[in-house]
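K.L.:
What follows is coords_1.tsv, made up of TSV, C-alpha atoms and all ligand atoms:
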```
chain	number	residue	atom	x	y	z
A	6	MET	CA	-4.62	26.01	21.63
A	7	LYS	CA	-0.95	25.88	22.53
A	8	VAL	CA	0.68	22.62	23.66
A	9	THR	CA	1.84	24.42	26.81
A	10	GLU	CA	-1.75	25.51	27.54
A	11	HIS	CA	-2.97	21.92	27.16
A	12	ILE	CA	-0.31	20.87	29.66
A	13	LYS	CA	-1.26	23.64	32.08
A	14	ASN	CA	-4.97	22.86	31.83
A	15	ALA	CA	-4.35	19.15	32.51
A	16	ASN	CA	-3.34	20.05	36.10
A	17	GLY	CA	-0.69	17.36	36.39
A	18	LYS	CA	-2.62	14.64	34.51
A	19	THR	CA	-0.49	12.96	31.83
A	20	LEU	CA	-1.83	13.62	28.33
A	21	PHE	CA	-1.74	11.30	25.31
A	22	SER	CA	-0.38	12.40	21.95
A	23	PHE	CA	1.26	10.90	18.90
A	24	GLU	CA	3.21	11.68	15.77
A	25	ILE	CA	2.31	10.64	12.25
A	26	ILE	CA	4.24	10.62	8.99
A	27	PRO	CA	2.53	11.96	5.84
A	28	PRO	CA	1.75	9.19	3.35
A	29	GLN	CA	3.79	8.97	0.16
A	30	LYS	CA	2.47	11.32	-2.49
A	31	GLY	CA	-0.08	9.55	-4.64
A	32	SER	CA	-1.70	7.87	-1.61
A	33	ASN	CA	-5.25	8.45	-0.47
A	34	ILE	CA	-5.57	10.46	2.76
A	35	LYS	CA	-8.38	8.08	3.88
A	36	GLU	CA	-5.69	5.54	4.75
A	37	LEU	CA	-4.25	8.06	7.18
A	38	TYR	CA	-7.68	8.70	8.69
A	39	ASN	CA	-8.20	4.95	9.09
A	40	ASN	CA	-5.03	4.79	11.18
A	41	ILE	CA	-5.87	7.84	13.25
A	42	ASP	CA	-9.57	7.02	13.87
A	43	PRO	CA	-8.90	4.28	16.48
A	44	LEU	CA	-6.66	6.64	18.49
A	45	MET	CA	-9.10	9.54	18.79
A	46	GLU	CA	-11.07	7.86	21.62
A	47	PHE	CA	-8.02	8.57	23.85
A	48	LYS	CA	-8.51	12.30	23.24
A	49	PRO	CA	-5.08	13.48	22.13
A	50	PRO	CA	-4.99	17.27	22.59
A	51	PHE	CA	-2.44	17.50	19.77
A	52	ILE	CA	-1.03	15.40	16.94
A	53	ASP	CA	2.40	15.98	15.37
A	54	VAL	CA	2.93	15.63	11.63
A	55	THR	CA	6.51	15.11	10.47
A	56	THR	CA	8.20	16.71	7.49
A	57	SER	CA	10.49	14.70	5.26
A	58	ARG	CA	13.45	16.16	3.46
A	59	GLU	CA	13.81	16.03	-0.27
A	60	GLN	CA	15.76	13.06	-1.61
A	61	HIS	CA	17.44	11.87	-4.77
A	62	VAL	CA	15.53	9.46	-6.98
A	63	TYR	CA	16.87	7.78	-10.10
A	64	ILE	CA	14.61	7.43	-13.12
A	65	GLU	CA	15.59	5.16	-15.99
A	66	LYS	CA	15.38	6.86	-19.36
A	67	ASP	CA	16.72	5.35	-22.58
A	68	GLY	CA	18.92	2.98	-20.58
A	69	LEU	CA	20.42	5.82	-18.55
A	70	LEU	CA	19.67	6.78	-14.97
A	71	ASP	CA	18.47	10.34	-14.59
A	72	ARG	CA	18.89	11.82	-11.08
A	73	LYS	CA	16.05	13.98	-9.76
A	74	ILE	CA	15.42	15.60	-6.42
A	75	THR	CA	11.95	15.13	-5.01
A	76	ARG	CA	9.99	15.18	-1.77
A	77	MET	CA	8.26	11.80	-1.42
A	78	ARG	CA	6.06	12.75	1.54
A	79	PRO	CA	4.94	16.34	1.08
A	80	GLY	CA	1.75	17.76	2.52
A	81	THR	CA	2.61	18.31	6.20
A	82	VAL	CA	0.73	21.59	6.56
A	83	GLY	CA	-2.20	20.35	4.45
A	84	ILE	CA	-2.50	17.24	6.61
A	85	CYS	CA	-2.29	19.37	9.77
A	86	ALA	CA	-5.17	21.50	8.51
A	87	SER	CA	-7.28	18.53	7.47
A	88	LEU	CA	-6.80	16.74	10.82
A	89	LYS	CA	-7.42	19.92	12.78
A	90	TYR	CA	-10.77	20.50	11.17
A	91	LYS	CA	-11.84	16.85	10.79
A	92	TYR	CA	-11.15	15.87	14.40
A	93	ASN	CA	-11.17	19.25	16.13
A	94	VAL	CA	-7.68	18.57	17.46
A	95	ASP	CA	-4.59	20.75	17.58
A	96	THR	CA	-1.91	19.75	15.12
A	97	VAL	CA	1.81	20.44	15.17
A	98	PRO	CA	3.59	20.63	11.82
A	99	HIS	CA	7.31	19.89	11.93
A	100	VAL	CA	9.23	22.72	10.29
A	101	LEU	CA	12.74	21.97	9.06
A	102	CYS	CA	15.84	24.04	8.36
A	103	GLY	CA	17.05	21.51	5.75
A	104	GLY	CA	15.49	21.91	2.34
A	105	PHE	CA	14.02	25.35	2.99
A	106	SER	CA	15.23	28.91	2.58
A	107	ARG	CA	14.24	31.47	5.21
A	108	GLU	CA	11.71	32.92	2.77
A	109	GLU	CA	10.07	29.54	2.13
A	110	THR	CA	9.90	29.01	5.88
A	111	GLU	CA	8.22	32.37	6.29
A	112	TYR	CA	5.56	31.50	3.69
A	113	LEU	CA	4.96	28.15	5.37
A	114	LEU	CA	4.52	29.86	8.74
A	115	VAL	CA	2.14	32.40	7.21
A	116	ASP	CA	0.05	29.46	5.90
A	117	CYS	CA	0.05	27.93	9.38
A	118	HIS	CA	-1.05	31.21	10.93
A	119	TYR	CA	-3.94	31.63	8.48
A	120	LEU	CA	-4.99	28.03	9.10
A	121	GLY	CA	-5.24	28.64	12.84
A	122	ILE	CA	-2.34	26.31	13.67
A	123	ASP	CA	-0.96	27.43	17.04
A	124	ASN	CA	2.05	25.15	17.45
A	125	VAL	CA	5.10	24.27	15.38
A	126	MET	CA	8.00	21.95	16.05
A	127	ALA	CA	11.29	23.57	14.96
A	128	LEU	CA	13.93	21.11	13.75
A	129	ARG	CA	17.13	21.18	11.82
A	130	GLY	CA	16.54	17.96	9.87
A	131	ASP	CA	19.23	15.50	8.88
A	132	ALA	CA	21.85	15.59	6.15
A	133	MET	CA	20.67	14.30	2.78
A	134	SER	CA	21.68	10.71	2.06
A	135	HIS	CA	24.62	11.72	-0.18
A	136	GLN	CA	25.98	14.20	2.40
A	137	LYS	CA	28.19	13.28	5.33
A	138	TYR	CA	27.18	16.32	7.36
A	139	PHE	CA	24.13	18.53	7.36
A	140	GLU	CA	24.42	21.45	4.96
A	141	PRO	CA	21.89	24.27	5.09
A	142	SER	CA	19.96	24.95	1.92
A	143	LYS	CA	20.74	28.17	0.07
A	144	GLY	CA	19.36	30.96	2.26
A	145	GLY	CA	18.35	28.48	4.96
A	146	HIS	CA	19.28	27.95	8.59
A	147	GLN	CA	22.18	25.92	9.93
A	148	TYR	CA	20.73	25.16	13.37
A	149	ALA	CA	17.25	24.72	14.82
A	150	SER	CA	17.94	27.62	17.23
A	151	GLU	CA	18.04	30.00	14.24
A	152	LEU	CA	14.69	28.68	13.07
A	153	VAL	CA	13.28	29.23	16.57
A	154	GLU	CA	14.52	32.84	16.36
A	155	GLN	CA	12.79	33.33	13.00
A	156	ILE	CA	9.50	32.00	14.40
A	157	GLN	CA	9.83	34.20	17.48
A	158	ASN	CA	10.47	37.20	15.22
A	159	LEU	CA	7.22	36.42	13.43
A	160	ASN	CA	5.51	36.27	16.84
A	161	LYS	CA	6.74	39.84	17.32
A	162	GLY	CA	5.37	40.83	13.92
A	163	LYS	CA	8.87	40.95	12.43
A	164	TYR	CA	8.92	39.54	8.92
A	165	LEU	CA	12.06	38.96	6.83
A	166	HIS	CA	13.60	41.98	5.18
A	167	ASP	CA	11.29	44.25	7.22
A	168	VAL	CA	8.99	44.71	4.23
A	169	ILE	CA	5.76	45.23	6.15
A	170	GLU	CA	4.33	46.58	9.36
A	171	ALA	CA	2.37	43.65	10.75
A	172	SER	CA	-1.10	44.46	12.06
A	173	ASP	CA	-1.75	40.86	13.11
A	174	LYS	CA	0.99	38.99	14.92
A	175	ALA	CA	1.44	35.23	14.99
A	176	ASP	CA	1.65	33.59	18.39
A	177	PHE	CA	3.21	30.20	17.77
A	178	CYS	CA	4.07	27.88	20.62
A	179	ILE	CA	7.39	26.30	19.63
A	180	GLY	CA	8.58	22.77	20.33
A	181	VAL	CA	12.17	21.59	19.84
A	182	ALA	CA	13.96	18.24	19.94
A	183	GLY	CA	15.97	16.92	22.90
A	184	TYR	CA	18.17	13.84	23.08
A	185	PRO	CA	18.40	11.86	26.35
A	186	GLU	CA	21.26	9.84	24.81
A	187	LYS	CA	22.70	12.95	23.09
A	188	HIS	CA	22.43	13.94	19.46
A	189	ILE	CA	24.59	11.84	17.17
A	190	GLU	CA	26.82	14.78	16.19
A	191	ALA	CA	27.23	16.32	19.64
A	192	PRO	CA	30.66	15.80	21.22
A	193	SER	CA	29.08	15.20	24.65
A	194	LEU	CA	25.70	15.17	26.38
A	195	GLN	CA	26.73	18.29	28.28
A	196	SER	CA	27.51	20.23	25.11
A	197	ASP	CA	24.25	19.03	23.55
A	198	LEU	CA	22.40	20.31	26.63
A	199	LYS	CA	24.11	23.67	26.21
A	200	ARG	CA	22.71	23.78	22.66
A	201	LEU	CA	19.27	22.77	23.92
A	202	LYS	CA	19.41	25.58	26.49
A	203	HIS	CA	20.24	27.95	23.63
A	204	LYS	CA	17.15	26.75	21.71
A	205	VAL	CA	15.01	27.40	24.79
A	206	ASP	CA	16.62	30.80	25.37
A	207	SER	CA	15.88	31.61	21.71
A	208	GLY	CA	12.18	31.06	22.42
A	209	ALA	CA	11.32	27.35	22.46
A	210	ASP	CA	8.37	26.61	24.76
A	211	TYR	CA	8.73	22.87	25.19
A	212	VAL	CA	10.96	19.93	24.29
A	213	VAL	CA	10.02	16.53	22.84
A	214	THR	CA	12.63	13.83	23.28
A	215	GLN	CA	14.08	11.37	20.88
A	216	MET	CA	12.84	7.84	21.54
A	217	PHE	CA	14.48	5.95	24.40
A	218	PHE	CA	13.88	2.47	25.78
A	219	ASP	CA	15.29	2.85	29.27
A	220	ASN	CA	13.41	5.38	31.41
A	221	LYS	CA	16.52	5.99	33.51
A	222	LYS	CA	17.95	7.83	30.48
A	223	TYR	CA	14.95	10.15	30.41
A	224	PHE	CA	14.92	10.83	34.15
A	225	GLU	CA	18.66	11.61	34.14
A	226	PHE	CA	18.22	13.84	31.10
A	227	VAL	CA	15.41	15.82	32.72
A	228	GLU	CA	17.52	16.27	35.85
A	229	ALA	CA	20.59	17.35	33.83
A	230	ALA	CA	18.42	19.74	31.80
A	231	LYS	CA	17.14	21.27	35.04
A	232	GLN	CA	20.72	21.69	36.26
A	233	ALA	CA	21.49	23.40	32.95
A	234	GLY	CA	18.65	25.87	33.60
A	235	ILE	CA	16.06	24.37	31.23
A	236	THR	CA	12.67	24.77	32.85
A	237	VAL	CA	10.21	24.18	29.98
A	238	PRO	CA	8.22	20.89	29.84
A	239	ILE	CA	10.21	17.91	28.49
A	240	ILE	CA	7.83	15.48	26.79
A	241	PRO	CA	9.06	11.89	26.49
A	242	GLY	CA	8.86	10.30	23.03
A	243	ILE	CA	8.04	6.58	23.05
A	244	LYS	CA	8.35	4.15	20.20
A	245	PRO	CA	7.13	0.59	20.46
A	246	ILE	CA	9.55	-1.75	18.70
A	247	ALA	CA	7.73	-3.53	15.89
A	248	THR	CA	10.18	-5.65	13.89
A	249	LYS	CA	13.38	-7.64	14.49
A	250	ARG	CA	15.16	-5.28	12.12
A	251	HIS	CA	14.58	-2.44	14.59
A	252	LEU	CA	17.29	-3.97	16.79
A	253	GLN	CA	19.88	-2.82	14.24
A	254	LEU	CA	18.02	0.03	12.60
A	255	LEU	CA	17.06	2.13	15.63
A	256	PRO	CA	20.56	2.29	17.18
A	257	GLN	CA	22.03	2.98	13.74
A	258	VAL	CA	19.65	5.76	12.75
A	259	PHE	CA	18.96	7.37	16.14
A	260	LYS	CA	22.13	6.51	18.06
A	261	ILE	CA	20.25	5.06	21.00
A	262	ASP	CA	20.95	2.03	23.19
A	263	LEU	CA	18.52	-0.83	23.68
A	264	PRO	CA	18.34	-2.60	27.07
A	265	GLU	CA	19.58	-6.22	27.16
A	266	ASP	CA	16.21	-7.53	28.39
A	267	LEU	CA	14.43	-5.97	25.43
A	268	ILE	CA	17.00	-7.30	22.95
A	269	ASN	CA	16.67	-10.82	24.40
A	270	ALA	CA	12.88	-10.67	24.33
A	271	VAL	CA	12.86	-9.56	20.69
A	272	GLU	CA	15.47	-12.12	19.64
A	273	SER	CA	13.46	-14.95	21.14
A	274	CYS	CA	10.37	-14.06	19.05
A	275	LYS	CA	9.53	-16.43	16.23
A	276	ASP	CA	8.08	-13.75	13.94
A	277	ASN	CA	7.41	-10.01	13.73
A	278	LYS	CA	3.86	-10.46	15.06
A	279	ALA	CA	5.41	-11.65	18.31
A	280	VAL	CA	7.95	-8.79	18.18
A	281	ARG	CA	5.11	-6.29	17.88
A	282	GLN	CA	3.56	-7.74	21.04
A	283	VAL	CA	6.90	-7.51	22.89
A	284	GLY	CA	7.19	-3.89	21.72
A	285	VAL	CA	3.72	-3.09	23.04
A	286	GLU	CA	4.41	-4.69	26.43
A	287	TRP	CA	7.73	-2.87	26.79
A	288	ALA	CA	6.14	0.46	25.89
A	289	ILE	CA	3.30	-0.12	28.39
A	290	LYS	CA	5.84	-0.79	31.15
A	291	GLN	CA	7.81	2.32	30.20
A	292	SER	CA	4.68	4.45	29.90
A	293	LYS	CA	3.25	3.38	33.28
A	294	GLU	CA	6.46	4.31	35.06
A	295	LEU	CA	6.63	7.66	33.26
A	296	GLN	CA	2.97	8.36	33.98
A	297	ASN	CA	3.50	7.58	37.68
A	298	ALA	CA	6.45	9.99	37.64
A	299	GLY	CA	4.03	12.69	36.42
A	300	VAL	CA	5.36	13.39	32.90
A	301	PRO	CA	3.23	16.04	31.16
A	302	VAL	CA	2.51	14.05	28.00
A	303	LEU	CA	3.26	10.59	26.63
A	304	HIS	CA	4.06	11.16	22.98
A	305	TYR	CA	4.11	8.08	20.71
A	306	TYR	CA	5.93	7.61	17.42
A	307	SER	CA	3.28	5.81	15.38
A	308	MET	CA	5.22	5.35	12.12
A	309	GLY	CA	2.04	4.99	10.10
A	310	LYS	CA	0.32	2.06	11.90
A	311	SER	CA	-1.78	2.57	14.98
A	312	ASP	CA	-2.80	-0.88	16.30
A	313	ASN	CA	0.17	-1.01	18.69
A	314	ILE	CA	-0.32	2.57	19.91
A	315	LYS	CA	-4.00	1.79	20.56
A	316	ALA	CA	-3.04	-1.33	22.56
A	317	ILE	CA	-0.71	0.81	24.69
A	318	ALA	CA	-3.18	3.68	25.13
A	319	GLU	CA	-5.91	1.26	26.27
A	320	GLN	CA	-3.78	0.39	29.29
A	321	LEU	CA	-3.01	4.00	30.22
A	322	PHE	CA	-5.66	6.50	29.18
B	401	LIG	C1	10.86	14.76	18.51
B	401	LIG	C2	11.62	14.77	17.22
B	401	LIG	C3	10.96	14.99	16.03
B	401	LIG	C4	11.66	14.98	14.82
B	401	LIG	N1	10.98	15.20	13.64
B	401	LIG	C5	11.65	15.24	12.47
B	401	LIG	C6	10.98	15.50	11.23
B	401	LIG	O1	9.77	15.69	11.19
B	401	LIG	N2	11.72	15.51	10.10
B	401	LIG	C7	13.07	15.30	10.09
B	401	LIG	O2	13.68	15.34	9.01
B	401	LIG	N3	13.73	15.07	11.24
B	401	LIG	C8	13.07	15.03	12.42
B	401	LIG	N4	13.75	14.79	13.59
B	401	LIG	C9	15.19	14.51	13.53
B	401	LIG	C10	16.06	15.80	13.60
B	401	LIG	O3	15.83	16.60	12.48
B	401	LIG	C11	17.53	15.33	13.63
B	401	LIG	O4	17.79	14.66	14.83
B	401	LIG	C12	18.57	16.39	13.33
B	401	LIG	O5	19.81	15.72	13.09
B	401	LIG	C13	18.80	17.39	14.45
B	401	LIG	O6	17.76	18.23	14.59
B	401	LIG	P1	17.68	19.30	15.82
B	401	LIG	O7	16.50	20.12	15.58
B	401	LIG	O8	17.84	18.59	17.10
B	401	LIG	O9	19.03	20.14	15.50
B	401	LIG	P2	19.84	21.22	16.33
B	401	LIG	O10	19.19	21.59	17.58
B	401	LIG	O11	20.20	22.30	15.35
B	401	LIG	O12	21.16	20.38	16.70
B	401	LIG	C14	21.88	19.66	15.71
B	401	LIG	C15	23.30	19.40	16.21
B	401	LIG	O13	24.03	20.62	16.22
B	401	LIG	C16	24.52	20.91	17.52
B	401	LIG	N5	24.41	22.37	17.66
B	401	LIG	C17	23.29	23.09	17.85
B	401	LIG	N6	23.58	24.41	17.83
B	401	LIG	C18	24.90	24.51	17.62
B	401	LIG	C19	25.81	25.60	17.49
B	401	LIG	N7	25.41	26.86	17.57
B	401	LIG	N8	27.14	25.32	17.26
B	401	LIG	C20	27.58	24.03	17.15
B	401	LIG	N9	26.76	22.97	17.28
B	401	LIG	C21	25.45	23.21	17.51
B	401	LIG	C22	23.67	20.11	18.48
B	401	LIG	O14	24.36	19.78	19.67
B	401	LIG	C23	23.38	18.87	17.65
B	401	LIG	O15	24.46	17.97	17.70
B	401	LIG	C24	13.07	14.77	14.81
B	401	LIG	C25	13.73	14.52	16.02
B	401	LIG	C26	13.03	14.51	17.22
B	401	LIG	C27	13.76	14.23	18.51
```
What is this structure when it is put down as structure tokens?
P.N.:
Amino acid sequence: MKVTEHIKNANGKTLFSFEIIPPQKGSNIKELYNNIDPLMEFKPPFIDVTTSREQHVYIEKDGLLDRKITRMRPGTVGICASLKYKYNVDTVPHVLCGGFSREETEYLLVDCHYLGIDNVMALRGDAMSHQKYFEPSKGGHQYASELVEQIQNLNKGKYLHDVIEASDKADFCIGVAGYPEKHIEAPSLQSDLKRLKHKVDSGADYVVTQMFFDNKKYFEFVEAAKQAGITVPIIPGIKPIATKRHLQLLPQVFKIDLPEDLINAVESCKDNKAVRQVGVEWAIKQSKELQNAGVPVLHYYSMGKSDNIKAIAEQLF
């Protein structure tokens, strides 16, 4: 079922969902199940599975370093299929522009369609670590809006290069990313919103936000998006802080601000166990306010471990 249908059927009740990252290749999928199992009692209607870009790795050979390009966490669509059928839950694979040609994207979407996956999250992806700016792969898309267009074309039965007459059309529900504190490369929040509107006009059905730690940022963003003519659901993304290092890492990677009270609470912790507890309490406070405001879904970034997400969900769902 589509994410938008789940939202509609909930009749204003806030739903619970979360995002997982595929394990590194070579890991056993049971570890992933062990992390997901404790969250299933909260009945998530959908689970997102991220896609990681390829990266450079250096392998020592005869005293020299050999540079290879590899994807450390492949398997997004496979994991989506396994979760869908193991737990009878909808899954949302993240589909990236970066690292894929249009043709590869088409094949991936065909796989999703055959697997009965009804939703995809269309994202540009980040630049590779050696690049200053994002560069599309050969034959790939520059912006997420172009990827949304390709998926919508498939929904109309239009495949690349018009090689076939489709007798069975896909019907993907498409999610896209939104940034309450603006995307790192956008010159202003207003211009970023214009780009978000373009993604929605290209066919996106809903938006999931980047993490934020001050709900005011989300509420202002939703209001500004409305003013910009964006009427699709905007799902807040919540990440519980888990380590002291997050105080530097999260602003650096995601270009987000942390509230002073949260920083002080984390800094006064004697170890990361205490930080994890602070992160849970902060996320509960955030989530309760968002739930009371009637957000459609509370979507949690689980980053592989679920004990903190479970502690939050227990207070809300
Ligand atoms: C909910 C969520 C899930 C994510 N999941 C993943 C994941 O699984 N894997 C991963 O690698 N990354 C993921 N990301 C990160 C995302 O890939 C990066 O933030 C990336 O830098 C931007 O992706 P986007 O889809 O927002 O890009 P876009 O919407 O293409 O926007 C990128 C930038 O270009 C600008 N822009 C857009 N269109 C135009 C235009 N026509 N002309 C000029 N400028 C334009 C925008 O303002 C923005 O600054 C996720 C982010 C979020 C919020």
K.L.:
Find the residue from A:Ser87, A:Ala247, A:Tyr306, A:His118 that sits nearest to Asp276 in chain A; use only C-alpha atoms when measuring.
P.N.:
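Smallest separation from Asp276 in chain A among the options: A:Ala247.
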K.L.:
Neighbours of ligand LIG 401 (chain B) within 7 Å, counting all atoms listed in the file, as a VMD selection string?
P.N.:
chain A and resid 54 to 58 99 101 127 to 131 147 to 150 181 to 184 188 to 191 196 to 197 200 to 201 204 213 to 215 242
K.L.:
Give me, as a list in words, all polymer residues having an atom no more than 10 Å from Lys161 in chain A, counting only C-alpha atoms and skipping those fewer than 3 positions away in the same chain.
P.N.:
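Once the nearby chain positions are removed, what remains is Gln155, Ile156, Gln157, Asn158, Tyr164, Ala171, Asp173, Lys174, Ala175 and Asp176 of chain A.
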K.L.:
If you measure from CA of Lys137 in chain A to CA of Arg76 in chain A, what distance in Å do you get, rounded to one decimal?
P.N.:
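A separation of 19.6 Å between them.
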K.L.:
Using all atoms listed in the file, which of A:Thr248, A:Pro27, A:Asn16, A:Gln253 sits nearest Asn277 in chain A?
P.N.:
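Among the listed residues, the smallest separation from Asn277 in chain A belongs to A:Thr248.
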K.L.:
Give me range 72-81 of chain A with all heavy atoms filled in, as an mmCIF file, in the frame of the given file.
P.N.:
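Output file rebuild-v7.cif follows:
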```cif
data_model
loop_
_atom_site.group_PDB
_atom_site.id
_atom_site.type_symbol
_atom_site.label_atom_id
_atom_site.label_comp_id
_atom_site.auth_asym_id
_atom_site.auth_seq_id
_atom_site.Cartn_x
_atom_site.Cartn_y
_atom_site.Cartn_z
ATOM 1 N N ARG A 72 19.060 11.514 -12.507
ATOM 2 C CA ARG A 72 18.890 11.820 -11.080
ATOM 3 C C ARG A 72 17.992 13.038 -10.878
ATOM 4 O O ARG A 72 18.237 14.094 -11.464
ATOM 5 C CB ARG A 72 20.258 12.087 -10.449
ATOM 6 C CG ARG A 72 20.177 12.073 -8.933
ATOM 7 C CD ARG A 72 21.527 12.129 -8.323
ATOM 8 N NE ARG A 72 22.055 13.479 -8.356
ATOM 9 C CZ ARG A 72 23.126 13.866 -7.678
ATOM 10 N NH1 ARG A 72 23.804 13.004 -6.964
ATOM 11 N NH2 ARG A 72 23.545 15.102 -7.746
ATOM 12 N N LYS A 73 16.973 12.867 -10.064
ATOM 13 C CA LYS A 73 16.050 13.980 -9.760
ATOM 14 C C LYS A 73 15.971 14.152 -8.258
ATOM 15 O O LYS A 73 16.178 13.205 -7.499
ATOM 16 C CB LYS A 73 14.630 13.668 -10.260
ATOM 17 C CG LYS A 73 14.522 13.388 -11.733
ATOM 18 C CD LYS A 73 14.354 14.664 -12.514
ATOM 19 C CE LYS A 73 14.223 14.406 -14.006
ATOM 20 N NZ LYS A 73 14.764 15.477 -14.827
ATOM 21 N N ILE A 74 15.648 15.373 -7.850
ATOM 22 C CA ILE A 74 15.420 15.600 -6.420
ATOM 23 C C ILE A 74 13.922 15.759 -6.208
ATOM 24 O O ILE A 74 13.275 16.524 -6.929
ATOM 25 C CB ILE A 74 16.150 16.868 -5.941
ATOM 26 C CG1 ILE A 74 17.651 16.594 -5.939
ATOM 27 C CG2 ILE A 74 15.688 17.277 -4.553
ATOM 28 C CD1 ILE A 74 18.463 17.674 -5.266
ATOM 29 N N THR A 75 13.392 15.025 -5.255
ATOM 30 C CA THR A 75 11.950 15.130 -5.010
ATOM 31 C C THR A 75 11.639 14.918 -3.536
ATOM 32 O O THR A 75 12.430 14.344 -2.808
ATOM 33 C CB THR A 75 11.155 14.133 -5.881
ATOM 34 O OG1 THR A 75 9.761 14.415 -5.721
ATOM 35 C CG2 THR A 75 11.401 12.695 -5.476
ATOM 36 N N ARG A 76 10.492 15.408 -3.122
ATOM 37 C CA ARG A 76 9.990 15.180 -1.770
ATOM 38 C C ARG A 76 8.926 14.090 -1.880
ATOM 39 O O ARG A 76 7.914 14.290 -2.544
ATOM 40 C CB ARG A 76 9.358 16.487 -1.277
ATOM 41 C CG ARG A 76 9.558 16.817 0.152
ATOM 42 C CD ARG A 76 9.044 18.210 0.417
ATOM 43 N NE ARG A 76 10.096 19.198 0.268
ATOM 44 C CZ ARG A 76 10.955 19.510 1.234
ATOM 45 N NH1 ARG A 76 10.847 18.953 2.408
ATOM 46 N NH2 ARG A 76 11.895 20.395 1.026
ATOM 47 N N MET A 77 9.178 12.937 -1.258
ATOM 48 C CA MET A 77 8.260 11.800 -1.420
ATOM 49 C C MET A 77 7.024 11.914 -0.534
ATOM 50 O O MET A 77 6.001 11.313 -0.795
ATOM 51 C CB MET A 77 8.975 10.476 -1.088
ATOM 52 C CG MET A 77 10.130 10.160 -2.024
ATOM 53 S SD MET A 77 9.620 10.071 -3.726
ATOM 54 C CE MET A 77 8.898 8.441 -3.757
ATOM 55 N N ARG A 78 7.188 12.650 0.599
ATOM 56 C CA ARG A 78 6.060 12.750 1.540
ATOM 57 C C ARG A 78 5.750 14.216 1.830
ATOM 58 O O ARG A 78 5.982 14.695 2.929
ATOM 59 C CB ARG A 78 6.387 12.007 2.841
ATOM 60 C CG ARG A 78 6.569 10.518 2.663
ATOM 61 C CD ARG A 78 7.038 9.864 3.952
ATOM 62 N NE ARG A 78 7.306 8.455 3.752
ATOM 63 C CZ ARG A 78 6.388 7.493 3.857
ATOM 64 N NH1 ARG A 78 5.156 7.790 4.209
ATOM 65 N NH2 ARG A 78 6.706 6.241 3.642
ATOM 66 N N PRO A 79 5.290 14.940 0.814
ATOM 67 C CA PRO A 79 4.940 16.340 1.080
ATOM 68 C C PRO A 79 3.600 16.410 1.805
ATOM 69 O O PRO A 79 3.025 15.381 2.146
ATOM 70 C CB PRO A 79 4.839 16.924 -0.331
ATOM 71 C CG PRO A 79 4.390 15.778 -1.172
ATOM 72 C CD PRO A 79 4.951 14.531 -0.551
ATOM 73 N N GLY A 80 3.136 17.616 2.052
ATOM 74 C CA GLY A 80 1.750 17.760 2.520
ATOM 75 C C GLY A 80 1.596 17.945 4.017
ATOM 76 O O GLY A 80 0.480 17.867 4.544
ATOM 77 N N THR A 81 2.704 18.214 4.729
ATOM 78 C CA THR A 81 2.610 18.310 6.200
ATOM 79 C C THR A 81 1.563 19.336 6.645
ATOM 80 O O THR A 81 0.694 19.025 7.474
ATOM 81 C CB THR A 81 3.999 18.671 6.792
ATOM 82 O OG1 THR A 81 4.903 17.629 6.443
ATOM 83 C CG2 THR A 81 3.945 18.826 8.299
#
```
